[in-house]
$ cat query_14.tsv   # TSV, C-alpha atoms
chain	number	residue	atom	x	y	z
A	1	MET	CA	-17.21	-9.61	33.19
A	2	SER	CA	-16.36	-9.97	29.51
A	3	ALA	CA	-16.34	-6.83	27.39
A	4	PHE	CA	-17.62	-5.98	23.94
A	5	VAL	CA	-15.03	-3.82	22.12
A	6	ARG	CA	-15.59	-1.96	18.87
A	7	VAL	CA	-13.72	0.71	16.93
A	8	SER	CA	-15.80	3.22	14.98
A	9	GLY	CA	-14.52	5.87	12.60
A	10	PRO	CA	-15.58	9.50	12.17
A	11	PRO	CA	-19.22	10.06	11.11
A	12	ASN	CA	-19.81	9.21	7.44
A	13	SER	CA	-16.12	8.53	6.98
A	14	ASN	CA	-13.47	5.83	7.10
A	15	PHE	CA	-10.81	5.33	9.77
A	16	LEU	CA	-8.20	6.62	7.34
A	17	VAL	CA	-8.14	10.42	7.01
A	18	GLY	CA	-5.81	12.05	4.50
A	19	TYR	CA	-3.70	10.43	1.80
A	20	PRO	CA	-0.73	8.24	2.89
A	21	GLY	CA	2.42	9.29	1.08
A	22	ILE	CA	1.24	12.91	0.73
A	23	SER	CA	2.72	14.81	3.67
A	24	ALA	CA	0.54	17.91	3.18
A	25	THR	CA	-2.60	15.88	4.03
A	26	LEU	CA	-1.25	14.64	7.42
A	27	PRO	CA	-2.40	11.01	6.90
A	28	ARG	CA	-3.84	9.60	10.11
A	29	ILE	CA	-6.16	7.03	11.63
A	30	GLU	CA	-9.05	8.62	13.50
A	31	GLY	CA	-11.60	6.71	15.52
A	32	ARG	CA	-13.14	5.89	18.84
A	33	VAL	CA	-12.73	2.79	20.98
A	34	GLU	CA	-16.12	1.76	22.39
A	35	ILE	CA	-16.31	-0.64	25.33
A	36	ARG	CA	-19.63	-2.08	26.51
A	37	PRO	CA	-20.76	-5.10	28.57
A	38	ALA	CA	-20.75	-8.27	26.48
A	39	ALA	CA	-22.85	-10.52	28.76
A	40	GLY	CA	-25.69	-9.02	30.77
A	41	VAL	CA	-27.05	-5.73	29.55
A	42	THR	CA	-25.98	-3.71	32.58
A	43	ALA	CA	-23.27	-5.94	34.04
A	44	PRO	CA	-20.26	-3.69	34.70
A	45	VAL	CA	-16.93	-4.43	33.01
A	46	THR	CA	-13.66	-4.31	34.92
A	47	VAL	CA	-11.07	-2.18	33.09
A	48	SER	CA	-7.47	-1.56	34.12
A	49	LEU	CA	-5.77	-0.39	30.93
A	50	VAL	CA	-6.74	0.43	27.33
A	51	THR	CA	-4.27	1.05	24.52
A	52	VAL	CA	-4.60	1.28	20.74
A	53	SER	CA	-2.01	0.87	17.98
A	54	LEU	CA	-1.79	0.43	14.22
A	55	GLN	CA	0.02	-2.78	13.33
A	56	ARG	CA	1.47	-3.78	9.96
A	57	ARG	CA	1.66	-7.48	9.18
A	58	GLU	CA	3.78	-8.83	6.34
A	59	CYS	CA	4.34	-12.34	5.11
A	60	ILE	CA	6.02	-13.86	2.06
A	61	ASN	CA	5.86	-17.34	0.59
A	62	PRO	CA	8.20	-17.30	-2.44
A	63	THR	CA	7.50	-20.96	-3.30
A	64	ALA	CA	3.72	-20.51	-3.50
A	65	ASP	CA	3.83	-20.32	-7.32
A	66	SER	CA	6.17	-23.31	-7.73
A	67	LEU	CA	4.76	-26.65	-8.82
A	68	LEU	CA	7.69	-28.48	-7.29
A	69	ARG	CA	8.31	-27.48	-3.70
A	70	SER	CA	11.45	-28.95	-2.25
A	71	SER	CA	12.45	-29.10	1.37
A	72	LEU	CA	15.37	-26.83	0.50
A	73	SER	CA	13.13	-23.96	-0.59
A	74	SER	CA	12.87	-20.90	1.61
A	75	PRO	CA	10.12	-21.11	4.23
A	76	LYS	CA	7.26	-18.69	4.72
A	77	LYS	CA	8.26	-15.61	6.71
A	78	GLU	CA	6.13	-13.23	8.74
A	79	ILE	CA	6.77	-9.99	10.62
A	80	THR	CA	4.62	-7.61	12.68
A	81	ASP	CA	5.50	-3.96	13.27
A	82	ILE	CA	3.79	-1.06	15.00
A	83	VAL	CA	3.20	1.93	12.72
A	84	GLY	CA	3.71	5.23	14.48
A	85	LYS	CA	3.24	4.96	18.24
A	86	GLU	CA	1.02	2.94	20.54
A	87	MET	CA	-1.40	5.22	22.38
A	88	LEU	CA	-2.44	4.89	26.01
A	89	LEU	CA	-6.15	5.70	26.14
A	90	TYR	CA	-7.04	4.83	29.73
A	91	ARG	CA	-5.36	3.73	32.94
A	92	THR	CA	-6.98	3.28	36.35
A	93	PRO	CA	-6.01	5.83	39.01
A	94	GLN	CA	-3.03	4.98	41.15
A	95	GLY	CA	-3.81	2.65	43.99
A	96	ARG	CA	-6.66	0.83	42.22
A	97	GLU	CA	-6.36	-2.48	40.42
A	98	SER	CA	-9.32	-1.85	38.13
A	99	GLU	CA	-12.58	0.04	37.83
A	100	SER	CA	-16.11	-1.13	37.09
A	101	ILE	CA	-17.29	0.46	33.86
A	102	LEU	CA	-20.72	0.51	32.25
A	103	CYS	CA	-19.78	2.46	29.15
A	104	MET	CA	-16.52	3.82	27.76
A	105	ASP	CA	-15.86	5.85	24.58
A	106	LEU	CA	-12.20	6.77	24.02
A	107	PRO	CA	-11.35	8.93	20.95
A	108	PHE	CA	-7.89	8.55	19.40
A	109	VAL	CA	-5.81	9.65	16.43
A	110	ILE	CA	-2.70	7.85	15.15
A	111	PHE	CA	-0.53	9.82	12.72
A	112	ILE	CA	0.96	7.72	9.91
A	113	PRO	CA	4.61	8.51	9.08
A	114	TYR	CA	5.02	10.22	5.71
A	115	GLY	CA	8.79	10.70	5.42
A	116	ARG	CA	11.54	8.57	3.94
A	117	GLY	CA	13.12	8.26	7.36
A	118	GLY	CA	16.52	7.05	6.14
A	119	GLU	CA	17.65	4.17	8.32
A	120	GLU	CA	14.86	4.73	10.84
A	121	ILE	CA	12.18	2.28	9.70
A	122	ALA	CA	9.64	3.73	12.16
A	123	LYS	CA	9.66	7.04	10.26
A	124	ARG	CA	9.25	5.62	6.75
A	125	THR	CA	5.98	5.85	4.91
A	126	PRO	CA	4.40	2.40	5.38
A	127	PRO	CA	3.85	0.29	2.24
A	128	PRO	CA	0.26	-0.08	0.98
A	129	SER	CA	-2.00	-3.05	1.61
A	130	LEU	CA	-1.45	-5.72	-1.02
A	131	GLN	CA	-2.03	-9.42	-1.59
A	132	LEU	CA	-0.42	-11.14	-4.57
A	133	ASP	CA	-1.80	-14.25	-6.24
A	134	LYS	CA	-1.50	-17.44	-4.19
A	135	ARG	CA	-0.45	-15.24	-1.27
A	136	GLN	CA	3.14	-15.07	-2.48
A	137	ALA	CA	3.40	-11.79	-0.59
A	138	GLU	CA	0.96	-9.75	1.42
A	139	THR	CA	0.83	-6.65	3.60
A	140	TYR	CA	-2.16	-5.69	5.70
A	141	TYR	CA	-2.94	-3.40	8.62
A	142	GLU	CA	-4.96	-3.77	11.80
A	143	ILE	CA	-6.07	-1.39	14.50
A	144	VAL	CA	-5.30	-3.39	17.64
A	145	VAL	CA	-7.04	-2.50	20.89
A	146	THR	CA	-5.45	-3.94	24.03
A	147	LEU	CA	-7.81	-4.27	27.00
A	148	GLN	CA	-6.44	-5.27	30.38
A	149	GLN	CA	-8.94	-6.41	33.01
A	150	GLY	CA	-7.15	-6.93	36.30
A	151	PRO	CA	-3.51	-7.88	36.82
A	152	GLN	CA	-3.49	-11.02	34.66
A	153	GLU	CA	-6.24	-10.95	32.05
A	154	GLN	CA	-5.30	-9.09	28.86
A	155	ARG	CA	-7.08	-9.36	25.51
A	156	LYS	CA	-6.38	-7.92	22.08
A	157	PHE	CA	-9.07	-6.96	19.56
A	158	PRO	CA	-7.87	-6.50	15.93
A	159	PHE	CA	-9.83	-4.50	13.34
A	160	ALA	CA	-8.68	-4.58	9.70
A	161	VAL	CA	-8.08	-1.25	7.94
A	162	PRO	CA	-6.83	-1.10	4.31
A	163	ILE	CA	-4.19	1.51	3.53
A	164	GLN	CA	-3.32	2.81	0.06
A	165	ARG	CA	-0.45	5.01	-1.14
A	166	TYR	CA	-0.96	8.08	-3.30
A	167	ASP	CA	2.59	9.28	-3.98
A	168	THR	CA	2.81	7.37	-7.29
A	169	LEU	CA	-0.15	9.04	-9.07
A	170	SER	CA	0.63	9.54	-12.74
A	171	THR	CA	-0.83	13.07	-12.60
A	172	PHE	CA	2.03	14.40	-10.45
A	173	GLY	CA	4.40	16.68	-12.34
A	174	MET	CA	7.54	14.78	-11.32
A	175	TYR	CA	6.34	11.77	-13.33
A	176	ASN	CA	5.38	13.78	-16.42
A	177	ARG	CA	8.85	14.85	-17.49
A	178	PRO	CA	10.72	12.84	-20.15
A	179	GLU	CA	13.13	10.11	-19.07
A	180	SER	CA	15.90	8.96	-21.41
A	181	ALA	CA	18.61	6.29	-21.45
A	182	GLU	CA	21.29	4.97	-23.83
A	183	ARG	CA	23.19	1.73	-24.38
A	184	VAL	CA	26.09	0.99	-26.79
A	185	THR	CA	27.11	-2.34	-28.35
A	186	ASP	CA	30.45	-3.20	-30.01
A	187	HIS	CA	31.20	0.55	-30.26
A	188	LEU	CA	29.16	0.48	-33.46
A	189	VAL	CA	25.50	1.19	-32.57
A	190	THR	CA	23.92	3.30	-29.82
A	191	LEU	CA	20.37	2.53	-28.65
A	192	GLY	CA	18.61	5.51	-27.11
A	193	ILE	CA	15.09	5.58	-25.71
A	194	SER	CA	12.88	8.35	-24.33
A	195	LEU	CA	9.69	8.03	-22.28
A	196	PRO	CA	7.35	11.05	-22.26
A	197	ARG	CA	6.28	10.08	-18.71
A	198	TRP	CA	7.23	7.27	-16.36
A	199	SER	CA	4.23	6.52	-14.12
A	200	TYR	CA	1.52	4.23	-15.49
A	201	GLY	CA	-1.63	2.50	-14.31
A	202	PRO	CA	-3.83	-0.29	-15.71
A	203	LEU	CA	-4.82	0.23	-19.36
A	204	ASP	CA	-2.67	3.38	-19.65
A	205	PRO	CA	-0.91	3.75	-23.02
A	206	VAL	CA	2.87	3.39	-22.91
A	207	SER	CA	4.85	5.14	-25.67
A	208	VAL	CA	8.59	4.64	-26.22
A	209	TYR	CA	10.61	6.80	-28.61
A	210	ILE	CA	13.54	4.77	-29.95
A	211	LYS	CA	16.64	5.90	-31.80
A	212	LEU	CA	19.42	3.68	-33.19
A	213	SER	CA	22.49	5.72	-34.10
A	214	PRO	CA	25.72	4.62	-35.84
A	215	ASN	CA	29.09	5.50	-34.36
A	216	PRO	CA	30.42	8.39	-36.52
A	217	ASP	CA	34.01	7.30	-35.85
A	218	TRP	CA	33.29	3.79	-37.23
A	219	LEU	CA	30.75	4.81	-39.84
A	220	SER	CA	31.85	2.32	-42.54
A	221	LYS	CA	31.44	-0.62	-40.15
A	222	SER	CA	28.26	0.76	-38.55
A	223	LYS	CA	26.50	1.07	-41.90
A	224	LYS	CA	26.99	-2.68	-42.46
A	225	VAL	CA	24.82	-3.45	-39.43
A	226	THR	CA	21.28	-4.61	-40.24
A	227	ILE	CA	18.43	-3.79	-37.87
A	228	GLN	CA	16.33	-6.95	-37.90
A	229	ALA	CA	13.69	-6.25	-35.22
A	230	ILE	CA	12.91	-4.06	-32.20
A	231	THR	CA	10.99	-5.41	-29.21
A	232	VAL	CA	9.39	-3.43	-26.39
A	233	GLY	CA	8.16	-5.14	-23.22
A	234	ILE	CA	7.07	-4.49	-19.65
A	235	ASP	CA	8.67	-6.62	-16.92
A	236	GLU	CA	7.60	-7.13	-13.32
A	237	GLU	CA	10.39	-8.04	-10.90
A	238	ILE	CA	9.61	-9.22	-7.37
A	239	THR	CA	12.51	-9.42	-4.93
A	240	TYR	CA	11.95	-11.48	-1.78
A	241	ASN	CA	14.06	-10.62	1.28
A	242	PRO	CA	15.62	-7.56	-0.40
A	243	GLU	CA	17.42	-6.60	2.82
A	244	GLY	CA	18.28	-10.18	3.81
A	245	ASP	CA	21.28	-12.41	3.19
A	246	ASP	CA	19.73	-14.41	0.34
A	247	PRO	CA	17.44	-12.24	-1.81
A	248	LYS	CA	15.45	-14.08	-4.49
A	249	ARG	CA	14.24	-12.39	-7.69
A	250	HIS	CA	11.33	-13.48	-9.84
A	251	THR	CA	10.90	-11.70	-13.18
A	252	LYS	CA	7.76	-11.96	-15.32
A	253	GLN	CA	6.99	-10.27	-18.64
A	254	LEU	CA	3.57	-8.63	-18.56
A	255	ALA	CA	3.35	-7.26	-22.12
A	256	ARG	CA	5.39	-7.42	-25.33
A	257	HIS	CA	5.32	-5.82	-28.77
A	258	GLN	CA	7.74	-6.60	-31.61
A	259	GLN	CA	8.32	-4.65	-34.82
A	260	SER	CA	10.16	-6.18	-37.75
A	261	VAL	CA	12.53	-3.71	-39.43
A	262	GLY	CA	14.99	-5.45	-41.79
A	263	VAL	CA	16.94	-2.39	-42.98
A	264	LYS	CA	20.61	-1.42	-43.03
A	265	MET	CA	21.70	1.18	-40.50
A	266	PRO	CA	21.10	4.62	-42.11
A	267	GLU	CA	23.83	7.19	-41.78
A	268	ALA	CA	21.40	9.55	-39.99
A	269	GLY	CA	20.20	6.79	-37.67
A	270	TYR	CA	16.91	4.92	-37.37
A	271	PHE	CA	13.96	6.44	-35.51
A	272	THR	CA	10.69	4.82	-34.48
A	273	ASN	CA	7.94	5.11	-31.89
A	274	LEU	CA	6.55	1.91	-30.37
A	275	GLY	CA	3.65	1.69	-27.97
A	276	LEU	CA	1.67	-0.81	-25.98
A	277	VAL	CA	-1.04	-0.79	-23.31
A	278	PHE	CA	-0.20	-1.50	-19.70
A	279	PRO	CA	-2.08	-4.71	-18.87
A	280	ALA	CA	-4.99	-4.75	-16.44
A	281	ARG	CA	-5.99	-7.71	-14.35
A	282	GLU	CA	-9.34	-9.34	-15.11
A	283	LEU	CA	-11.17	-9.36	-11.80
A	284	ARG	CA	-14.23	-11.36	-12.82
A	285	ASP	CA	-14.18	-15.14	-12.76
A	286	SER	CA	-15.06	-17.48	-15.64
A	287	GLU	CA	-18.78	-16.91	-15.00
A	288	GLY	CA	-18.45	-13.14	-15.05
A	289	ILE	CA	-18.92	-12.73	-11.30
A	290	LEU	CA	-16.95	-10.12	-9.39
A	291	PRO	CA	-15.64	-11.74	-6.19
A	292	ARG	CA	-16.24	-10.02	-2.89
A	293	SER	CA	-13.25	-7.99	-1.80
A	294	LYS	CA	-11.49	-8.81	1.45
A	295	LYS	CA	-11.71	-6.20	4.18
A	296	GLU	CA	-7.90	-6.16	4.60
A	297	PHE	CA	-7.14	-5.47	0.92
A	298	PRO	CA	-8.53	-2.92	-1.54
A	299	LEU	CA	-9.68	-4.51	-4.80
A	300	TYR	CA	-7.04	-3.24	-7.22
A	301	PRO	CA	-7.45	-3.88	-10.96
A	302	VAL	CA	-3.78	-4.88	-11.26
A	303	ALA	CA	-1.80	-7.86	-10.05
A	304	GLY	CA	0.71	-5.58	-8.35
A	305	PHE	CA	2.24	-2.11	-8.33
A	306	THR	CA	5.49	-0.44	-7.39
A	307	THR	CA	6.06	-0.92	-3.68
A	308	THR	CA	8.88	-1.55	-1.22
A	309	ALA	CA	8.16	-3.46	1.98
A	310	THR	CA	10.47	-5.09	4.50
A	311	LEU	CA	10.17	-8.65	3.17
A	312	TYR	CA	9.56	-7.97	-0.52
A	313	LYS	CA	9.95	-5.35	-3.23
A	314	ILE	CA	8.06	-5.01	-6.53
A	315	GLU	CA	9.66	-3.10	-9.41
A	316	TYR	CA	8.74	-2.55	-13.06
A	317	PHE	CA	10.88	-1.97	-16.13
A	318	ILE	CA	10.42	-0.99	-19.76
A	319	THR	CA	12.69	-3.30	-21.77
A	320	VAL	CA	13.78	-2.42	-25.30
A	321	LYS	CA	15.74	-4.95	-27.34
A	322	ALA	CA	17.25	-4.26	-30.76
A	323	LYS	CA	18.06	-7.44	-32.70
A	324	LEU	CA	21.00	-6.75	-35.02
A	325	SER	CA	23.17	-8.58	-37.51
A	326	SER	CA	26.93	-7.87	-37.84
A	327	ALA	CA	26.76	-6.58	-34.26
A	328	ARG	CA	25.61	-7.84	-30.90
A	329	ASP	CA	22.01	-7.29	-29.85
A	330	ILE	CA	21.31	-4.40	-27.49
A	331	LEU	CA	19.06	-4.75	-24.41
A	332	LEU	CA	18.09	-1.71	-22.36
A	333	ARG	CA	16.00	-1.74	-19.16
A	334	GLN	CA	14.48	1.49	-17.88
A	335	PRO	CA	12.70	1.51	-14.49
A	336	ILE	CA	9.17	2.91	-14.37
A	337	VAL	CA	6.61	3.49	-11.62
A	338	VAL	CA	3.34	1.55	-11.66
A	339	CYS	CA	0.35	3.11	-9.91
A	340	PRO	CA	-2.72	1.09	-8.84
A	341	PHE	CA	-4.99	3.66	-10.55
A	342	ASP	CA	-5.27	4.55	-14.22
A	343	HIS	CA	-4.69	8.12	-15.42
A	344	ALA	CA	-8.39	9.06	-15.26
A	345	GLN	CA	-8.69	7.89	-11.64
A	346	CYS	CA	-5.51	9.77	-10.75
A	347	LYS	CA	-7.07	12.99	-12.05
A	348	GLU	CA	-10.16	12.39	-9.91
A	349	GLU	CA	-8.04	11.96	-6.78
A	350	MET	CA	-6.25	15.29	-7.23
A	351	GLU	CA	-9.20	17.38	-6.07
A	352	GLY	CA	-9.65	15.23	-2.96
A	353	ILE	CA	-5.94	15.59	-2.15
A	354	GLU	CA	-6.19	19.38	-2.37
A	355	LEU	CA	-9.21	19.44	-0.04
A	356	ALA	CA	-7.49	17.10	2.43
A	357	ALA	CA	-4.40	19.34	2.44
A	358	ARG	CA	-6.56	22.38	3.30
A	359	ASP	CA	-8.21	20.51	6.17
A	360	ALA	CA	-4.86	19.24	7.45
A	361	ALA	CA	-3.52	22.80	7.65
A	362	HIS	CA	-5.69	23.27	10.76
A	363	VAL	CA	-4.51	20.05	12.47
A	364	SER	CA	-1.58	19.96	14.88
A	365	GLN	CA	0.27	16.70	15.48
A	366	ASP	CA	1.26	17.86	18.96
A	367	ASN	CA	-2.32	18.75	19.92
A	368	PRO	CA	-4.87	17.20	17.52
A	369	MET	CA	-7.82	18.49	19.65
A	370	LEU	CA	-9.56	15.18	20.29
A	371	PRO	CA	-13.14	15.07	21.63
A	372	ALA	CA	-13.53	14.41	25.34
A	373	CYS	CA	-13.64	10.82	26.61
A	374	THR	CA	-16.93	9.39	27.84
A	375	ILE	CA	-16.56	7.10	30.86
A	376	ILE	CA	-19.63	5.92	32.78
A	377	ARG	CA	-18.76	4.01	35.94
A	378	ALA	CA	-20.99	1.49	37.68
A	379	ASN	CA	-21.62	3.79	40.65
A	380	ASP	CA	-22.46	6.88	38.57
A	381	PRO	CA	-25.98	8.19	39.12
A	382	ALA	CA	-28.25	7.30	36.22
A	383	GLY	CA	-25.37	5.33	34.72
A	384	MET	CA	-27.72	2.76	33.20
A	385	ARG	CA	-29.44	5.55	31.31
A	386	THR	CA	-26.55	5.62	28.83
A	387	LEU	CA	-27.24	1.95	28.05
A	388	GLY	CA	-30.93	2.61	27.47
A	389	TYR	CA	-32.19	1.21	30.77
A	390	THR	CA	-33.62	2.58	34.01
A	391	MET	CA	-34.77	1.21	37.36
A	392	VAL	CA	-38.53	1.12	37.99
A	393	GLY	CA	-39.71	-0.39	41.27
A	394	GLY	CA	-36.45	-2.22	41.72
A	395	HIS	CA	-36.55	-3.79	38.24
A	396	ARG	CA	-34.59	-2.92	35.07
A	397	LYS	CA	-36.79	-1.54	32.34
A	398	LEU	CA	-36.09	-0.27	28.83
A	399	LEU	CA	-35.86	3.49	28.78
A	400	ILE	CA	-38.44	5.06	26.49
A	401	GLU	CA	-37.97	8.81	26.07

$ encode --input "query_14.tsv" --output "structure tokens"
Amino acid sequence: MSAFVRVSGPPNSNFLVGYPGISATLPRIEGRVEIRPAAGVTAPVTVSLVTVSLQRRECINPTADSLLRSSLSSPKKEITDIVGKEMLLYRTPQGRESESILCMDLPFVIFIPYGRGGEEIAKRTPPPSLQLDKRQAETYYEIVVTLQQGPQEQRKFPFAVPIQRYDTLSTFGMYNRPESAERVTDHLVTLGISLPRWSYGPLDPVSVYIKLSPNPDWLSKSKKVTIQAITVGIDEEITYNPEGDDPKRHTKQLARHQQSVGVKMPEAGYFTNLGLVFPARELRDSEGILPRSKKEFPLYPVAGFTTTATLYKIEYFITVKAKLSSARDILLRQPIVVCPFDHAQCKEEMEGIELAARDAAHVSQDNPMLPACTIIRANDPAGMRTLGYTMVGGHRKLLIE
């Protein structure tokens, strides 16, 4: 008989426990596979094998944003990978082809990798769920239950589960130390920038300290240089097939601020501080309605964020350009990290991460102490009682306790 399969998470909780990307929280998928009769309230279901796995699906369509699509453009690509390991939840005893089951509850836990893993892709922290505009690139996850009924019939039941990453929060100390860079043009002028921090979310302020210095060895020539304007911008760069033979890069400027200067290069150098606000995506439509979020993707208030997947990579840069006369212009690009949450949300997540780390200290990956399985076979005494039925005078009746 056909089976009804469902995956339920822990009570009052989601499938995802812990914070992916934070190793101290032991990120994992916890749940229970529930198998019941689909047709006929008490008709037993034949079960031979039950497995569960977490699958990551990726696809890219680099030409989705192009108005002119030629036959020479790269086609859409898709891949499917198993995250962690596939778990065997049930197998019939040796010598039997299948068993007749009335009710089956199989707890499971799948630990999500949280290390860099080097060349071993299976050990890398999986990229977060994401869908770009026009489906140029997307990553989503599914809990896939495989049910085998007899030697030939095998069915798969997918259940979407969104996964986020929390290792780019702007509240982490490693992102709150200054980053600096320098670039020289014509051996006359040096452009130096400094960022007080280098992780940003939507609507976070971005400050850039800028210094233009003359070359002391060529001071007479350097002082003839005129600083016409300084421009600060934020660029988003998407690389399709970063590990393939023909990677394609698409760069888009998200924000820009220009300051007119018009002064000769001072002997002590020119200092300024320019700032802009990291743009946030408007989620509401033209009528002010917030669209319903898809179950595979969290509703992020940004178009994208820093992430590296197998088929695509999204990076962000602070670009500073000094427009000069009597010398070549200077362009400097400094990579930054973009988080899907603003600074206030990052602060709110910190307490939850600490609590999850305390709870994970009592969990062992080798022996996660799962609850016992519940398997009610067709020949078990009072087996129908678990389905809410009983036999009265040879007839099935609803059980009222």

$ closest_residue --input "query_14.tsv" --among "A:Arg377, A:Glu351, A:Ala372, A:Lys211" --to "Gly269 (chain A)" --atoms "all atoms listed in the file"
A:Lys211

$ closest_residue --input "query_14.tsv" --among "A:Ser194, A:Thr390, A:Thr226, A:Thr308" --to "Arg333 (chain A)" --atoms "all atoms listed in the file"
A:Ser194

$ residues_around --input "query_14.tsv" --residues "Thr272 (chain A)" --least-positions-apart "6" --cutoff "9 Å" --atoms "only C-alpha atoms" --output "PyMOL selection string"
chain A and resi 208-212

$ write_last_selection --input "query_14.tsv" --atoms "C-alpha atoms" --output "short mmCIF file (atom, residue, chain, number, x, y, z; two decimals), in the frame of the given file"
data_model
loop_
_atom_site.label_atom_id
_atom_site.label_comp_id
_atom_site.auth_asym_id
_atom_site.auth_seq_id
_atom_site.Cartn_x
_atom_site.Cartn_y
_atom_site.Cartn_z
CA VAL A 208 8.59 4.64 -26.22
CA TYR A 209 10.61 6.80 -28.61
CA ILE A 210 13.54 4.77 -29.95
CA LYS A 211 16.64 5.90 -31.80
CA LEU A 212 19.42 3.68 -33.19
#

$ closest_residue --input "query_14.tsv" --among "A:Ile336, A:Arg281, A:Gln55, A:Ile22" --to "Tyr175 (chain A)" --atoms "all atoms listed in the file"
A:Ile336

$ closest_residue --input "query_14.tsv" --among "A:Val144, A:Gln149, A:Val33, A:Gly95" --to "Ile82 (chain A)" --atoms "all atoms listed in the file"
A:Val144

$ closest_residue --input "query_14.tsv" --among "A:Val261, A:Leu130, A:Val232, A:Leu324" --to "Glu58 (chain A)" --atoms "only C-alpha atoms"
A:Leu130

$ closest_residue --input "query_14.tsv" --among "A:Gly233, A:Asn379, A:Arg385, A:Arg124" --to "Glu99 (chain A)" --atoms "all atoms listed in the file"
A:Asn379

$ residues_around --input "query_14.tsv" --residues "His343 (chain A)" --least-positions-apart "3" --cutoff "10 Å" --atoms "all atoms listed in the file" --output "PDB file with C-alpha atoms, keeping the file's coordinate frame"
ATOM      1  CA  LEU A 169      -0.150   9.040  -9.070  1.00  0.00           C
ATOM      2  CA  SER A 170       0.630   9.540 -12.740  1.00  0.00           C
ATOM      3  CA  THR A 171      -0.830  13.070 -12.600  1.00  0.00           C
ATOM      4  CA  SER A 199       4.230   6.520 -14.120  1.00  0.00           C
ATOM      5  CA  TYR A 200       1.520   4.230 -15.490  1.00  0.00           C
ATOM      6  CA  GLY A 201      -1.630   2.500 -14.310  1.00  0.00           C
ATOM      7  CA  PRO A 202      -3.830  -0.290 -15.710  1.00  0.00           C
ATOM      8  CA  LEU A 203      -4.820   0.230 -19.360  1.00  0.00           C
ATOM      9  CA  ASP A 204      -2.670   3.380 -19.650  1.00  0.00           C
ATOM     10  CA  PRO A 205      -0.910   3.750 -23.020  1.00  0.00           C
ATOM     11  CA  CYS A 339       0.350   3.110  -9.910  1.00  0.00           C
ATOM     12  CA  PRO A 340      -2.720   1.090  -8.840  1.00  0.00           C
ATOM     13  CA  CYS A 346      -5.510   9.770 -10.750  1.00  0.00           C
ATOM     14  CA  LYS A 347      -7.070  12.990 -12.050  1.00  0.00           C
ATOM     15  CA  GLU A 348     -10.160  12.390  -9.910  1.00  0.00           C
TER      16      GLU A 348
END

$ residues_around --input "query_14.tsv" --residues "Asp359 (chain A)" --least-positions-apart "4" --cutoff "10 Å" --atoms "only C-alpha atoms" --output "PDB file with C-alpha atoms, keeping the file's coordinate frame"
ATOM      1  CA  GLY A  18      -5.810  12.050   4.500  1.00  0.00           C
ATOM      2  CA  ALA A  24       0.540  17.910   3.180  1.00  0.00           C
ATOM      3  CA  THR A  25      -2.600  15.880   4.030  1.00  0.00           C
ATOM      4  CA  LEU A  26      -1.250  14.640   7.420  1.00  0.00           C
ATOM      5  CA  ILE A 353      -5.940  15.590  -2.150  1.00  0.00           C
ATOM      6  CA  GLU A 354      -6.190  19.380  -2.370  1.00  0.00           C
ATOM      7  CA  LEU A 355      -9.210  19.440  -0.040  1.00  0.00           C
ATOM      8  CA  VAL A 363      -4.510  20.050  12.470  1.00  0.00           C
TER       9      VAL A 363
END

$ atom_distance --input "query_14.tsv" --atom1 "CA of Leu16 (chain A)" --atom2 "CA of Leu89 (chain A)"
18.9 Å

$ residues_around --input "query_14.tsv" --residues "Glu78 (chain A)" --least-positions-apart "3" --cutoff "9 Å" --atoms "all atoms listed in the file" --output "PyMOL selection string"
chain A and resi 57-60+311

$ write_last_selection --input "query_14.tsv" --atoms "C-alpha atoms" --output "PDB file, in the coordinates of the input"
ATOM      1  CA  ARG A  57       1.660  -7.480   9.180  1.00  0.00           C
ATOM      2  CA  GLU A  58       3.780  -8.830   6.340  1.00  0.00           C
ATOM      3  CA  CYS A  59       4.340 -12.340   5.110  1.00  0.00           C
ATOM      4  CA  ILE A  60       6.020 -13.860   2.060  1.00  0.00           C
ATOM      5  CA  LEU A 311      10.170  -8.650   3.170  1.00  0.00           C
TER       6      LEU A 311
END

$ atom_distance --input "query_14.tsv" --atom1 "CA of Phe278 (chain A)" --atom2 "CA of Thr251 (chain A)"
16.4 Å

$ residues_around --input "query_14.tsv" --residues "Ala38 (chain A)" --least-positions-apart "5" --cutoff "12 Å" --atoms "all atoms listed in the file" --output "JSON, numbers by chain"
{"A": [1, 2, 3, 4, 5, 6, 43, 44, 45, 46, 101, 102, 103]}

$ residues_near_point --input "query_14.tsv" --point "(-6.3, -4.5, 22.9)" --cutoff "8 Å" --atoms "all atoms listed in the file" --output "list in words"
Val50, Thr51, Val52, Val144, Val145, Thr146, Leu147, Gln148, Gln154, Arg155, Lys156, Phe157 and Pro158 of chain A

$ write_last_selection --input "query_14.tsv" --atoms "C-alpha atoms" --output "PDB file, in the frame of the given file"
ATOM      1  CA  VAL A  50      -6.740   0.430  27.330  1.00  0.00           C
ATOM      2  CA  THR A  51      -4.270   1.050  24.520  1.00  0.00           C
ATOM      3  CA  VAL A  52      -4.600   1.280  20.740  1.00  0.00           C
ATOM      4  CA  VAL A 144      -5.300  -3.390  17.640  1.00  0.00           C
ATOM      5  CA  VAL A 145      -7.040  -2.500  20.890  1.00  0.00           C
ATOM      6  CA  THR A 146      -5.450  -3.940  24.030  1.00  0.00           C
ATOM      7  CA  LEU A 147      -7.810  -4.270  27.000  1.00  0.00           C
ATOM      8  CA  GLN A 148      -6.440  -5.270  30.380  1.00  0.00           C
ATOM      9  CA  GLN A 154      -5.300  -9.090  28.860  1.00  0.00           C
ATOM     10  CA  ARG A 155      -7.080  -9.360  25.510  1.00  0.00           C
ATOM     11  CA  LYS A 156      -6.380  -7.920  22.080  1.00  0.00           C
ATOM     12  CA  PHE A 157      -9.070  -6.960  19.560  1.00  0.00           C
ATOM     13  CA  PRO A 158      -7.870  -6.500  15.930  1.00  0.00           C
TER      14      PRO A 158
END
